[in-house]
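Printed here is my_file_12.txt (compact mmCIF, C-alpha atoms):
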# COMPACT_ATOMS: atom_id res chain seq x y z
CA MET A 1113 -17.71 53.94 44.42
CA PHE A 1114 -19.84 52.79 41.45
CA SER A 1115 -23.45 53.78 41.29
CA PRO A 1116 -25.84 50.79 41.38
CA GLY A 1117 -26.83 51.45 37.76
CA LEU A 1118 -23.23 51.37 36.58
CA THR A 1119 -22.55 48.13 38.45
CA VAL A 1120 -25.55 46.43 36.84
CA VAL A 1121 -24.52 47.66 33.42
CA ILE A 1122 -20.96 46.43 33.87
CA PHE A 1123 -22.24 42.97 34.80
CA LEU A 1124 -24.74 43.09 31.95
CA LEU A 1125 -21.85 43.84 29.62
CA LEU A 1126 -19.87 40.91 30.98
CA LEU A 1127 -22.91 38.65 30.52
CA VAL A 1128 -23.29 39.79 26.92
CA ILE A 1129 -19.61 39.19 26.21
CA ILE A 1130 -19.62 35.72 27.75
CA THR A 1131 -22.91 34.73 26.15
CA ILE A 1132 -21.88 35.77 22.67
CA SER A 1133 -18.46 34.16 22.94
CA MET A 1134 -20.11 30.93 24.09
CA GLY A 1135 -22.59 30.95 21.24
CA VAL A 1136 -20.14 31.43 18.40
CA ARG A 1137 -18.14 28.42 17.29
CA ILE A 1138 -15.73 28.48 14.40
CA VAL A 1139 -15.04 24.98 13.11
CA PRO A 1140 -11.87 24.77 11.01
CA GLN A 1141 -11.96 22.86 7.75
CA GLY A 1142 -11.03 19.23 8.33
CA PHE A 1143 -12.87 19.05 11.64
CA LYS A 1144 -16.40 18.48 12.84
CA PHE A 1145 -17.68 19.30 16.28
CA VAL A 1146 -20.18 17.09 18.05
CA VAL A 1147 -22.64 19.21 20.01
CA GLN A 1148 -24.57 17.95 23.01
CA ARG A 1149 -27.65 19.75 24.24
CA LEU A 1150 -27.98 19.23 27.99
CA GLY A 1151 -25.91 16.09 27.86
CA LYS A 1152 -27.67 14.52 24.86
CA TYR A 1153 -26.40 14.40 21.29
CA HIS A 1154 -27.89 17.27 19.36
CA SER A 1155 -25.99 18.00 16.17
CA THR A 1156 -22.69 17.92 14.37
CA LEU A 1157 -21.16 21.21 13.35
CA ALA A 1158 -19.66 21.41 9.88
CA PRO A 1159 -16.61 23.58 9.10
CA GLY A 1160 -17.29 27.30 9.16
CA LEU A 1161 -19.04 29.73 11.45
CA ASN A 1162 -21.65 28.12 13.70
CA ILE A 1163 -23.94 29.36 16.42
CA ILE A 1164 -24.96 27.17 19.29
CA ILE A 1165 -27.31 28.05 22.09
CA PRO A 1166 -25.14 29.27 24.97
CA TYR A 1167 -25.41 27.43 28.32
CA MET A 1168 -27.53 24.63 26.80
CA ASP A 1169 -25.28 23.39 24.04
CA THR A 1170 -21.73 22.30 24.57
CA VAL A 1171 -19.13 21.11 22.10
CA ALA A 1172 -18.44 17.67 23.50
CA TYR A 1173 -16.00 16.30 20.91
CA LYS A 1174 -13.80 17.74 18.24
CA VAL A 1175 -13.29 15.14 15.54
CA THR A 1176 -10.97 15.30 12.57
CA THR A 1177 -12.47 14.39 9.21
CA LYS A 1178 -9.11 14.11 7.53
CA ASP A 1179 -7.79 10.69 6.67
CA ILE A 1180 -6.07 9.14 9.65
CA VAL A 1181 -2.91 7.16 9.03
CA MET A 1182 -2.63 4.30 11.47
CA ASP A 1183 0.51 2.31 11.94
CA ILE A 1184 -0.32 -1.26 12.79
CA PRO A 1185 2.63 -2.49 14.87
CA SER A 1186 4.67 -5.55 13.93
CA GLN A 1187 3.38 -8.85 15.18
CA GLU A 1188 4.35 -12.48 14.89
CA VAL A 1189 1.92 -14.60 12.90
CA ILE A 1190 1.94 -18.38 12.54
CA THR A 1191 1.00 -19.62 9.11
CA ARG A 1192 -0.94 -22.79 8.37
CA ASP A 1193 2.28 -24.72 7.84
CA ASN A 1194 3.59 -23.56 11.23
CA ALA A 1195 6.10 -21.02 10.03
CA VAL A 1196 6.50 -17.81 11.99
CA ILE A 1197 6.37 -14.58 10.01
CA ILE A 1198 6.45 -10.99 11.13
CA THR A 1199 3.98 -8.59 9.57
CA ASN A 1200 2.99 -5.00 10.01
CA ALA A 1201 0.58 -2.82 8.11
CA VAL A 1202 -0.58 0.72 7.66
CA ALA A 1203 -4.27 1.59 7.52
CA TYR A 1204 -5.95 4.76 6.27
CA ILE A 1205 -9.27 5.45 7.88
CA ASN A 1206 -11.71 8.29 7.56
CA ILE A 1207 -14.43 9.32 9.95
CA VAL A 1208 -17.64 9.58 7.98
CA SER A 1209 -20.05 10.12 10.85
CA PRO A 1210 -18.33 11.81 13.80
CA GLU A 1211 -21.27 11.18 16.13
CA LYS A 1212 -21.14 7.43 15.54
CA ALA A 1213 -17.38 7.43 15.96
CA VAL A 1214 -17.45 9.17 19.34
CA TYR A 1215 -20.51 7.45 20.76
CA GLY A 1216 -20.12 4.03 19.14
CA VAL A 1217 -16.70 3.08 20.42
CA GLU A 1218 -14.56 4.14 23.33
CA ASP A 1219 -11.34 4.71 21.39
CA TYR A 1220 -11.72 4.22 17.66
CA ARG A 1221 -8.00 4.33 16.92
CA MET A 1222 -7.27 1.62 19.43
CA ALA A 1223 -10.29 -0.38 18.28
CA ILE A 1224 -9.34 -0.32 14.61
CA GLN A 1225 -5.70 -0.99 15.30
CA THR A 1226 -6.59 -4.09 17.28
CA LEU A 1227 -9.11 -5.16 14.68
CA VAL A 1228 -6.60 -4.88 11.83
CA GLN A 1229 -4.03 -6.76 13.88
CA THR A 1230 -6.29 -9.66 14.73
CA SER A 1231 -7.79 -9.86 11.24
CA LEU A 1232 -4.34 -9.84 9.69
CA ARG A 1233 -3.35 -12.65 12.00
CA SER A 1234 -6.36 -14.77 11.14
CA ILE A 1235 -6.02 -14.19 7.39
CA VAL A 1236 -2.33 -15.02 7.30
CA GLY A 1237 -2.98 -17.97 9.62
CA GLU A 1238 -5.11 -19.55 6.93
CA MET A 1239 -2.34 -19.34 4.36
CA ASP A 1240 0.81 -21.32 3.74
CA LEU A 1241 4.12 -19.55 4.20
CA ASP A 1242 4.84 -19.32 0.48
CA ASP A 1243 1.33 -17.99 -0.25
CA ALA A 1244 1.55 -15.45 2.51
CA LEU A 1245 4.89 -14.17 1.27
CA SER A 1246 3.79 -13.83 -2.32
CA SER A 1247 0.16 -12.68 -2.20
CA ARG A 1248 0.10 -9.29 -0.53
CA ASP A 1249 -2.71 -8.04 -2.72
CA ARG A 1250 -4.95 -10.91 -1.74
CA ILE A 1251 -4.28 -10.32 1.94
CA LYS A 1252 -5.00 -6.64 1.47
CA ALA A 1253 -8.32 -7.26 -0.25
CA ARG A 1254 -9.44 -9.80 2.34
CA LEU A 1255 -8.37 -7.52 5.17
CA LYS A 1256 -10.37 -4.62 3.80
CA GLU A 1257 -13.39 -6.83 3.26
CA THR A 1258 -13.24 -8.27 6.78
CA ILE A 1259 -12.76 -5.03 8.61
CA SER A 1260 -15.07 -2.72 6.70
CA ASP A 1261 -18.22 -4.38 8.01
CA ASP A 1262 -17.00 -4.39 11.58
CA ILE A 1263 -16.28 -0.70 11.60
CA SER A 1264 -19.46 0.41 9.82
CA ASP A 1265 -21.19 0.84 13.18
CA TRP A 1266 -18.60 3.35 14.17
CA GLY A 1267 -19.19 5.64 11.20
CA ILE A 1268 -15.65 5.01 10.04
CA MET A 1269 -14.58 4.09 6.56
CA LEU A 1270 -11.48 2.04 5.89
CA LYS A 1271 -10.04 3.68 2.81
CA THR A 1272 -7.11 1.39 2.33
CA VAL A 1273 -4.89 -0.95 4.22
CA GLU A 1274 -1.41 -1.85 3.04
CA ILE A 1275 0.83 -4.63 4.20
CA GLN A 1276 4.09 -2.90 4.92
CA ASP A 1277 6.39 -5.77 5.82
CA ILE A 1278 5.82 -9.46 5.66
CA ASN A 1279 9.01 -11.23 6.60
CA PRO A 1280 9.83 -14.64 7.95
CA SER A 1281 11.27 -14.55 11.46
CA ASP A 1282 15.06 -14.64 11.86
CA THR A 1283 15.30 -18.37 12.47
CA MET A 1284 12.88 -19.01 9.62
CA GLN A 1285 14.86 -16.77 7.31
CA HIS A 1286 18.02 -18.59 8.25
CA ALA A 1287 16.39 -21.95 7.56
CA MET A 1288 15.06 -20.72 4.24
CA GLU A 1289 18.48 -19.49 3.21
CA GLU A 1290 19.98 -22.83 4.16
CA GLN A 1291 17.30 -24.61 2.19
CA ALA A 1292 18.00 -22.48 -0.85
CA ALA A 1293 21.75 -23.02 -0.50
CA ALA A 1294 21.27 -26.79 -0.15
CA GLU A 1295 19.05 -26.83 -3.20
CA ARG A 1296 21.71 -25.03 -5.23
CA ALA A 1297 24.37 -27.42 -3.97
CA ARG A 1298 22.17 -30.36 -4.92
CA ARG A 1299 21.70 -28.99 -8.40
CA ALA A 1300 25.44 -28.39 -8.76
CA THR A 1301 26.21 -31.99 -7.74
CA VAL A 1302 23.63 -33.37 -10.15
CA THR A 1303 24.96 -31.22 -12.94
CA ARG A 1304 28.52 -32.32 -12.25
CA ALA A 1305 27.53 -36.02 -12.12
CA GLU A 1306 25.62 -35.65 -15.36
CA GLY A 1307 28.67 -34.09 -16.94
CA ASP A 1308 30.88 -36.94 -15.71
CA LYS A 1309 28.41 -39.48 -17.03
CA SER A 1310 28.27 -37.94 -20.51
CA ALA A 1311 32.04 -37.66 -20.58
CA ALA A 1312 32.45 -41.36 -19.73
CA ILE A 1313 29.89 -42.37 -22.32
CA LEU A 1314 31.51 -40.23 -24.95
CA GLN A 1315 34.94 -41.64 -24.14
CA ALA A 1316 33.68 -45.21 -24.31
CA ASP A 1317 31.97 -44.38 -27.60
CA GLY A 1318 35.25 -43.03 -28.84
CA ARG A 1319 37.06 -46.18 -27.83
CA LEU A 1320 34.43 -48.38 -29.42
CA GLU A 1321 34.61 -46.44 -32.64
CA ALA A 1322 38.40 -46.52 -32.59
CA SER A 1323 38.45 -50.31 -32.04
CA ARG A 1324 35.94 -50.79 -34.83
CA ARG A 1325 38.11 -48.79 -37.16
CA ASP A 1326 41.25 -50.60 -35.98
CA ALA A 1327 39.58 -53.91 -36.79
CA GLU A 1328 38.55 -52.60 -40.17
CA ALA A 1329 42.06 -51.40 -40.76
CA LYS A 1330 43.46 -54.82 -39.94
CA VAL A 1331 41.06 -56.41 -42.40
CA VAL A 1332 42.03 -53.88 -45.03
CA LEU A 1333 45.70 -54.53 -44.28
CA ALA A 1334 45.22 -58.27 -44.53
CA GLU A 1335 43.35 -57.77 -47.79
CA ALA A 1336 46.21 -55.70 -49.04
CA ASP A 1337 48.70 -58.38 -47.95
CA ARG A 1338 46.66 -61.06 -49.63
CA GLU A 1339 46.51 -59.04 -52.81
CA ALA A 1340 50.23 -58.32 -52.60
CA ILE A 1341 51.01 -62.01 -52.16
CA VAL A 1342 48.76 -62.90 -55.03
CA LYS A 1343 50.39 -60.28 -57.21
CA VAL A 1344 53.88 -61.36 -56.21
CA ALA A 1345 52.93 -64.99 -56.74
CA GLU A 1346 51.62 -64.11 -60.16
CA ALA A 1347 54.85 -62.32 -60.93
CA THR A 1348 57.04 -65.17 -59.76
CA LYS A 1349 54.80 -67.91 -61.12
CA GLY A 1350 54.27 -69.84 -57.93
CA GLY A 1351 56.77 -71.44 -55.56
CA GLU A 1352 57.83 -70.17 -52.23
CA LEU A 1353 59.61 -67.20 -53.69
CA PRO A 1354 56.80 -64.70 -53.10
CA LEU A 1355 56.76 -65.57 -49.40
CA VAL A 1356 60.49 -65.20 -49.26
CA PHE A 1357 60.19 -61.85 -50.99
CA LEU A 1358 57.61 -60.50 -48.62
CA LEU A 1359 59.32 -61.86 -45.54
CA GLY A 1360 62.64 -60.49 -46.77
CA GLN A 1361 61.08 -57.10 -47.27
CA ARG A 1362 59.74 -57.06 -43.70
CA TYR A 1363 63.09 -58.33 -42.43
CA VAL A 1364 64.84 -55.43 -44.07
CA ASP A 1365 62.26 -53.01 -42.64
CA ALA A 1366 62.85 -54.42 -39.18
CA MET A 1367 66.59 -54.01 -39.67
CA ARG A 1368 66.09 -50.38 -40.70
CA LYS A 1369 64.03 -49.67 -37.62
CA MET A 1370 66.67 -51.24 -35.48
CA ALA A 1371 69.25 -49.03 -37.15
CA GLU A 1372 67.23 -45.95 -36.35
CA ASN A 1373 67.18 -46.84 -32.70
CA ASN A 1374 69.59 -44.78 -30.60
CA ASN A 1375 70.65 -47.60 -28.34
CA SER A 1376 72.31 -50.02 -30.66
CA LYS A 1377 74.51 -48.72 -33.32
CA VAL A 1378 76.10 -52.00 -34.24
CA ILE A 1379 73.87 -53.77 -36.72
CA VAL A 1380 74.82 -57.16 -38.02
CA LEU A 1381 73.29 -57.91 -41.34
CA PRO A 1382 73.57 -61.43 -42.61
CA ALA A 1383 75.46 -61.51 -45.88
CA ASP A 1384 73.10 -63.99 -47.40
CA LEU A 1385 69.75 -62.40 -46.91
CA PRO A 1386 67.61 -64.97 -48.80
CA ALA A 1387 69.31 -67.75 -46.83
CA ALA A 1388 68.55 -66.01 -43.55
CA VAL A 1389 64.93 -65.60 -44.53
CA ARG A 1390 64.74 -69.10 -45.75
CA GLY A 1391 66.19 -70.12 -42.38
CA ILE A 1392 63.32 -68.40 -40.57
CA MET A 1393 60.92 -69.98 -43.03
CA GLY A 1394 62.49 -73.30 -42.57
CA THR A 1395 61.72 -73.26 -38.88
CA LEU A 1396 58.21 -71.97 -39.63
CA GLY A 1397 57.52 -74.32 -42.49
CA LYS A 1398 58.27 -77.47 -40.61
CA MET B 380 -12.64 60.93 34.52
CA ASP B 381 -14.92 61.34 31.57
CA LEU B 382 -14.60 59.07 28.57
CA GLN B 383 -14.18 61.05 25.38
CA TYR B 384 -15.62 59.92 22.04
CA TRP B 385 -12.13 59.12 20.76
CA HIS B 386 -11.50 56.80 23.68
CA TRP B 387 -14.31 54.65 22.39
CA LEU B 388 -13.05 54.85 18.81
CA VAL B 389 -9.53 53.74 19.79
CA PHE B 390 -10.93 51.03 22.07
CA GLY B 391 -13.13 49.77 19.23
CA MET B 392 -10.20 49.64 16.85
CA ILE B 393 -8.08 47.79 19.40
CA LEU B 394 -10.86 45.19 19.75
CA ILE B 395 -11.18 44.80 15.98
CA ILE B 396 -7.40 44.40 15.65
CA ALA B 397 -7.48 41.86 18.49
CA GLU B 398 -9.83 39.76 16.36
CA LEU B 399 -6.88 39.13 14.03
CA PHE B 400 -4.96 37.47 16.84
CA ILE B 401 -7.83 35.78 18.66
CA PRO B 402 -10.01 34.50 15.85
CA SER B 403 -13.24 33.82 17.69
CA PHE B 404 -15.50 36.18 15.76
CA THR B 405 -16.93 37.71 18.92
CA ILE B 406 -14.52 40.49 19.82
CA PHE B 407 -15.09 41.96 16.37
CA TRP B 408 -18.71 42.82 17.21
CA PHE B 409 -17.72 44.47 20.49
CA GLY B 410 -15.18 46.53 18.56
CA LEU B 411 -17.89 47.63 16.13
CA GLY B 412 -20.17 48.34 19.11
CA ALA B 413 -17.47 50.51 20.66
CA LEU B 414 -17.06 52.43 17.40
CA ALA B 415 -20.82 53.03 17.34
CA VAL B 416 -20.79 54.28 20.95
CA GLY B 417 -17.88 56.59 20.05
CA GLY B 418 -19.94 57.98 17.21
CA LEU B 419 -22.93 58.53 19.49
CA ILE B 420 -20.85 60.39 22.06
CA GLY B 421 -19.59 62.60 19.26
CA LEU B 422 -23.24 63.52 18.59
CA PHE B 423 -24.51 63.58 22.23
CA PRO B 424 -21.55 64.38 24.54
CA ALA B 425 -23.81 64.37 27.61
CA LEU B 426 -24.22 60.57 27.82
CA SER B 427 -23.34 59.13 31.23
CA LEU B 428 -20.79 56.32 31.64
CA THR B 429 -23.54 53.91 32.65
CA MET B 430 -25.49 54.79 29.54
CA GLN B 431 -22.37 54.42 27.40
CA LEU B 432 -21.64 50.92 28.71
CA LEU B 433 -25.27 49.89 28.34
CA LEU B 434 -25.31 51.17 24.77
CA TRP B 435 -22.11 49.27 24.07
CA ALA B 436 -23.61 46.02 25.32
CA ILE B 437 -26.82 46.55 23.36
CA PHE B 438 -25.01 47.52 20.17
CA SER B 439 -22.65 44.54 20.38
CA ALA B 440 -25.48 42.06 20.97
CA LEU B 441 -27.62 43.53 18.21
CA LEU B 442 -24.76 43.58 15.72
CA THR B 443 -23.92 39.96 16.49
CA THR B 444 -27.50 38.83 16.06
CA PHE B 445 -27.96 40.86 12.91
CA TRP B 446 -24.75 39.58 11.36
CA PHE B 447 -25.58 35.98 12.08
CA LEU B 448 -29.03 36.39 10.59
CA VAL B 449 -27.45 37.82 7.45
CA MET B 450 -24.26 35.77 7.44
CA LYS B 451 -25.61 32.33 8.17
CA PRO B 452 -27.40 31.83 4.85
CA ARG B 453 -24.21 32.88 3.08
CA MET B 454 -22.05 30.51 5.08
CA LEU B 455 -22.85 27.54 2.86
CA ASP B 456 -19.85 25.28 2.47
CA LYS B 457 -17.96 26.05 -0.65
CA THR B 458 -15.61 23.13 -0.34
CA ARG B 459 -16.13 19.60 0.78
CA ALA B 460 -12.45 18.90 1.15
CA GLY B 461 -11.85 16.41 3.92
CA MET B 462 -15.55 15.70 4.35
CA SER B 463 -16.09 12.18 3.08
CA ARG B 464 -19.78 11.98 3.75
CA GLU B 465 -20.68 15.28 2.15
CA ALA B 466 -18.45 14.49 -0.82
CA LEU B 467 -20.21 11.17 -1.39
CA LEU B 468 -23.85 12.08 -0.87
CA GLY B 469 -25.77 12.77 -4.05
CA GLU B 470 -23.17 11.30 -6.41
CA THR B 471 -24.62 9.16 -9.18
CA GLY B 472 -23.21 5.89 -10.41
CA GLN B 473 -24.16 2.89 -12.51
CA VAL B 474 -25.04 -0.56 -11.21
CA ILE B 475 -22.59 -3.13 -12.57
CA SER B 476 -23.68 -6.01 -10.36
CA THR B 477 -27.13 -6.33 -8.87
CA PRO B 478 -27.67 -7.32 -5.25
CA GLU B 479 -29.00 -10.86 -4.89
CA GLY B 480 -30.11 -12.28 -1.61
CA ASP B 481 -27.51 -11.49 1.00
CA ARG B 482 -24.94 -10.42 -1.52
CA ARG B 483 -24.43 -6.71 -2.04
CA GLY B 484 -24.42 -5.11 -5.43
CA VAL B 485 -21.59 -3.18 -6.97
CA VAL B 486 -21.91 0.32 -8.33
CA ARG B 487 -19.34 2.07 -10.47
CA PHE B 488 -18.73 5.79 -10.67
CA SER B 489 -17.28 7.60 -13.63
CA LYS B 490 -14.74 9.32 -11.37
CA PRO B 491 -13.15 7.73 -8.31
CA LEU B 492 -14.85 8.64 -5.03
CA LEU B 493 -12.58 8.58 -2.00
CA GLY B 494 -9.98 6.57 -3.81
CA SER B 495 -12.18 3.92 -5.37
CA ASP B 496 -14.47 3.93 -8.38
CA GLU B 497 -16.28 0.73 -7.43
CA TRP B 498 -18.31 0.41 -4.24
CA SER B 499 -20.60 -2.23 -2.87
CA PHE B 500 -24.10 -0.96 -2.18
CA ILE B 501 -27.35 -1.71 -0.44
CA CYS B 502 -30.63 -0.61 -1.98
CA ASP B 503 -34.16 -0.98 -0.62
CA GLU B 504 -35.76 -0.92 -4.02
CA PRO B 505 -35.04 -3.46 -6.76
CA VAL B 506 -32.46 -2.29 -9.26
CA GLN B 507 -31.50 -3.59 -12.66
CA LEU B 508 -28.09 -3.91 -14.20
CA GLY B 509 -27.10 -0.55 -15.66
CA ASP B 510 -29.52 1.52 -13.54
CA ARG B 511 -28.36 4.92 -12.33
CA VAL B 512 -28.35 5.16 -8.56
CA GLN B 513 -27.74 8.05 -6.19
CA ILE B 514 -25.89 7.83 -2.87
CA ARG B 515 -28.14 8.46 0.13
CA ASP B 516 -25.95 7.31 3.00
CA VAL B 517 -22.68 5.62 3.87
CA SER B 518 -22.41 2.58 6.09
CA GLY B 519 -18.83 1.55 6.64
CA ASN B 520 -17.45 0.71 3.23
CA THR B 521 -20.91 0.16 1.79
CA LEU B 522 -23.13 2.77 0.21
CA VAL B 523 -26.84 3.07 0.76
CA VAL B 524 -28.30 4.11 -2.58
CA ALA B 525 -31.65 4.86 -4.18
CA PRO B 526 -32.51 4.64 -7.87
CA LYS B 527 -32.27 7.96 -9.65
CA ASN B 528 -35.71 8.89 -10.89
CA ASN B 529 -35.05 10.91 -14.01
CA LYS B 530 -33.67 8.32 -16.39

With the file now loaded, output its structure as structure tokens.
Amino acid sequence: MFSPGLTVVIFLLLLVIITISMGVRIVPQGFKFVVQRLGKYHSTLAPGLNIIIPYMDTVAYKVTTKDIVMDIPSQEVITRDNAVIITNAVAYINIVSPEKAVYGVEDYRMAIQTLVQTSLRSIVGEMDLDDALSSRDRIKARLKETISDDISDWGIMLKTVEIQDINPSDTMQHAMEEQAAAERARRATVTRAEGDKSAAILQADGRLEASRRDAEAKVVLAEADREAIVKVAEATKGGELPLVFLLGQRYVDAMRKMAENNNSKVIVLPADLPAAVRGIMGTLGK
Amino acid sequence: MDLQYWHWLVFGMILIIAELFIPSFTIFWFGLGALAVGGLIGLFPALSLTMQLLLWAIFSALLTTFWFLVMKPRMLDKTRAGMSREALLGETGQVISTPEGDRRGVVRFSKPLLGSDEWSFICDEPVQLGDRVQIRDVSGNTLVVAPKNNK
């Protein structure tokens, strides 16, 4: 139905269409295409419009040049002092040379993830629990340093790596909480004992002071008595009268106290007070 | 059935419109080729179908080649967004720690490059503290630099 010429032209047209569409490659920004010529690496296409030789060149890999966020899964790490902690991290990598990344390593994501995991484990393994928990920045710096050389062959740059979580394991956390609670309890007990001790000392001091003052007071009282006796003796010009006077005075005081007492309302006062006093004195004097 | 000149014009326009939906930058040239064939038929209505198709193929191929010869030099990258290597190459920084033995030197840039203003570097030639160096290559997180000549 078609003339031979028309058939040839139709196929020629198809050939032209296929050839041109195979030769034109548009690379979007953020990607680079790795081109192989007859199975061998030939070039890397940058973003934009590119022409490759149809049939000979093929786009073998399409590689992103945007930063890749990699979640490093949680893992258990044993620190130098045998405590178990759980860490995970997030790494930001960037493919600098797509050809090295695709030819240098089978699966660069997997490779870097494993590398970060193992490096993190070895770095934390060299630290004590307390160090590991408190020095994230140091771990980060060491991690970056360790990994960046390993991945240089792959044309990949490690932009940053952040420790996301670094937590003691559940049992460890429980033990640490208990330790903290015990420490607080210890401090409370010590504080209470110290308080008791100071209170006892202060009380004893108080008693000592009070006794000292009591003693002083007795001396003062005795002095006063002596002076009173001397004065009374002076007034009565000797004899036992001053003694009788003083004793009589105390006797009357005692009687008054007895009268103030609620229990006994019947007070018997001797009619001859000096005789009564002298009677007491008589028994004392002999 | 004979193809009229306007058939080619409409077909060409359809192809050019299709380029909007299938961005491959090939259909566009076939659309332009079809428009050209349509124009030719307007001038020489006697062209056979075979001749028309052949002309279409030739026009499309020629237009594509011509455009790539003209376009390619103008396709220089305007932005280096997301292209670490291209963004780094050629930047100039100052040596703040010289490489000694196995130890790498440290170079500082006035603006941060890829999130860091200090980078370790390797240099084949001896450099002094405070020398200006230019980035030649990137190796992992280390730069390969060369001293900048015009001091």

Extract, using only C-alpha atoms, all DNA, RNA and protein residues at most 6 Å from range 1181-1198 of chain A, discarding same-chain residues fewer than 3 positions from it, and format them as a PDB file with C-alpha atoms, keeping the file's coordinate frame.
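Done, and the output landed in result.pdb:
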ATOM      1  CA  ALA A1201       0.580  -2.820   8.110  1.00  0.00           C
ATOM      2  CA  VAL A1202      -0.580   0.720   7.660  1.00  0.00           C
ATOM      3  CA  ALA A1203      -4.270   1.590   7.520  1.00  0.00           C
ATOM      4  CA  TYR A1204      -5.950   4.760   6.270  1.00  0.00           C
ATOM      5  CA  GLN A1225      -5.700  -0.990  15.300  1.00  0.00           C
ATOM      6  CA  ARG A1233      -3.350 -12.650  12.000  1.00  0.00           C
ATOM      7  CA  VAL A1236      -2.330 -15.020   7.300  1.00  0.00           C
ATOM      8  CA  GLY A1237      -2.980 -17.970   9.620  1.00  0.00           C
ATOM      9  CA  GLU A1238      -5.110 -19.550   6.930  1.00  0.00           C
ATOM     10  CA  MET A1239      -2.340 -19.340   4.360  1.00  0.00           C
ATOM     11  CA  ASP A1240       0.810 -21.320   3.740  1.00  0.00           C
ATOM     12  CA  LEU A1241       4.120 -19.550   4.200  1.00  0.00           C
ATOM     13  CA  ILE A1278       5.820  -9.460   5.660  1.00  0.00           C
ATOM     14  CA  ASN A1279       9.010 -11.230   6.600  1.00  0.00           C
ATOM     15  CA  PRO A1280       9.830 -14.640   7.950  1.00  0.00           C
ATOM     16  CA  SER A1281      11.270 -14.550  11.460  1.00  0.00           C
TER      17      SER A1281
END

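Residues in contact with Glu479 in chain B at 12 Å, where only C-alpha atoms are counted and same-chain residues fewer than 4 positions away are skipped, are listed as Arg483, Gly484, Val485, Phe500, Ile501, Cys502, Asp503, Pro505, Val506, Gln507 and Leu508 of chain B.
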
Export, as a PDB file, in the coordinates of the input, the selected residues with C-alpha atoms.
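In the end it all went to again.pdb:
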ATOM      1  CA  ARG B 483     -24.430  -6.710  -2.040  1.00  0.00           C
ATOM      2  CA  GLY B 484     -24.420  -5.110  -5.430  1.00  0.00           C
ATOM      3  CA  VAL B 485     -21.590  -3.180  -6.970  1.00  0.00           C
ATOM      4  CA  PHE B 500     -24.100  -0.960  -2.180  1.00  0.00           C
ATOM      5  CA  ILE B 501     -27.350  -1.710  -0.440  1.00  0.00           C
ATOM      6  CA  CYS B 502     -30.630  -0.610  -1.980  1.00  0.00           C
ATOM      7  CA  ASP B 503     -34.160  -0.980  -0.620  1.00  0.00           C
ATOM      8  CA  PRO B 505     -35.040  -3.460  -6.760  1.00  0.00           C
ATOM      9  CA  VAL B 506     -32.460  -2.290  -9.260  1.00  0.00           C
ATOM     10  CA  GLN B 507     -31.500  -3.590 -12.660  1.00  0.00           C
ATOM     11  CA  LEU B 508     -28.090  -3.910 -14.200  1.00  0.00           C
TER      12      LEU B 508
END

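Of note, CA of Ile1132 in chain A and CA of Ala440 in chain B are spaced 7.4 Å apart.
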
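Distance-wise, CA of Gly461 in chain B and CA of Tyr1173 in chain A end up 17.5 Å apart.
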
* Write down, as a ChimeraX atom specification, each residue of chain A that has any atom within 10 Å of an atom of chain B, counting only C-alpha atoms. => /A:1114-1138,1141-1144,1158-1163,1176-1179,1206-1209,1256-1257,1259-1272

* Spatial neighbours of Ala525 in chain B, 12 Å, all atoms listed in the file, chain gap at least 2 places, as a PyMOL selection string -> chain B and resi 468-474+486+500-507+510-516+522-523+527-528

Can those selected residues be exported to a file as a PDB file, keeping the file's coordinate frame so that it contains C-alpha atoms?
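Writing done, so here's selection12.pdb:
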ATOM      1  CA  LEU B 468     -23.850  12.080  -0.870  1.00  0.00           C
ATOM      2  CA  GLY B 469     -25.770  12.770  -4.050  1.00  0.00           C
ATOM      3  CA  GLU B 470     -23.170  11.300  -6.410  1.00  0.00           C
ATOM      4  CA  THR B 471     -24.620   9.160  -9.180  1.00  0.00           C
ATOM      5  CA  GLY B 472     -23.210   5.890 -10.410  1.00  0.00           C
ATOM      6  CA  GLN B 473     -24.160   2.890 -12.510  1.00  0.00           C
ATOM      7  CA  VAL B 474     -25.040  -0.560 -11.210  1.00  0.00           C
ATOM      8  CA  VAL B 486     -21.910   0.320  -8.330  1.00  0.00           C
ATOM      9  CA  PHE B 500     -24.100  -0.960  -2.180  1.00  0.00           C
ATOM     10  CA  ILE B 501     -27.350  -1.710  -0.440  1.00  0.00           C
ATOM     11  CA  CYS B 502     -30.630  -0.610  -1.980  1.00  0.00           C
ATOM     12  CA  ASP B 503     -34.160  -0.980  -0.620  1.00  0.00           C
ATOM     13  CA  GLU B 504     -35.760  -0.920  -4.020  1.00  0.00           C
ATOM     14  CA  PRO B 505     -35.040  -3.460  -6.760  1.00  0.00           C
ATOM     15  CA  VAL B 506     -32.460  -2.290  -9.260  1.00  0.00           C
ATOM     16  CA  GLN B 507     -31.500  -3.590 -12.660  1.00  0.00           C
ATOM     17  CA  ASP B 510     -29.520   1.520 -13.540  1.00  0.00           C
ATOM     18  CA  ARG B 511     -28.360   4.920 -12.330  1.00  0.00           C
ATOM     19  CA  VAL B 512     -28.350   5.160  -8.560  1.00  0.00           C
ATOM     20  CA  GLN B 513     -27.740   8.050  -6.190  1.00  0.00           C
ATOM     21  CA  ILE B 514     -25.890   7.830  -2.870  1.00  0.00           C
ATOM     22  CA  ARG B 515     -28.140   8.460   0.130  1.00  0.00           C
ATOM     23  CA  ASP B 516     -25.950   7.310   3.000  1.00  0.00           C
ATOM     24  CA  LEU B 522     -23.130   2.770   0.210  1.00  0.00           C
ATOM     25  CA  VAL B 523     -26.840   3.070   0.760  1.00  0.00           C
ATOM     26  CA  LYS B 527     -32.270   7.960  -9.650  1.00  0.00           C
ATOM     27  CA  ASN B 528     -35.710   8.890 -10.890  1.00  0.00           C
TER      28      ASN B 528
END
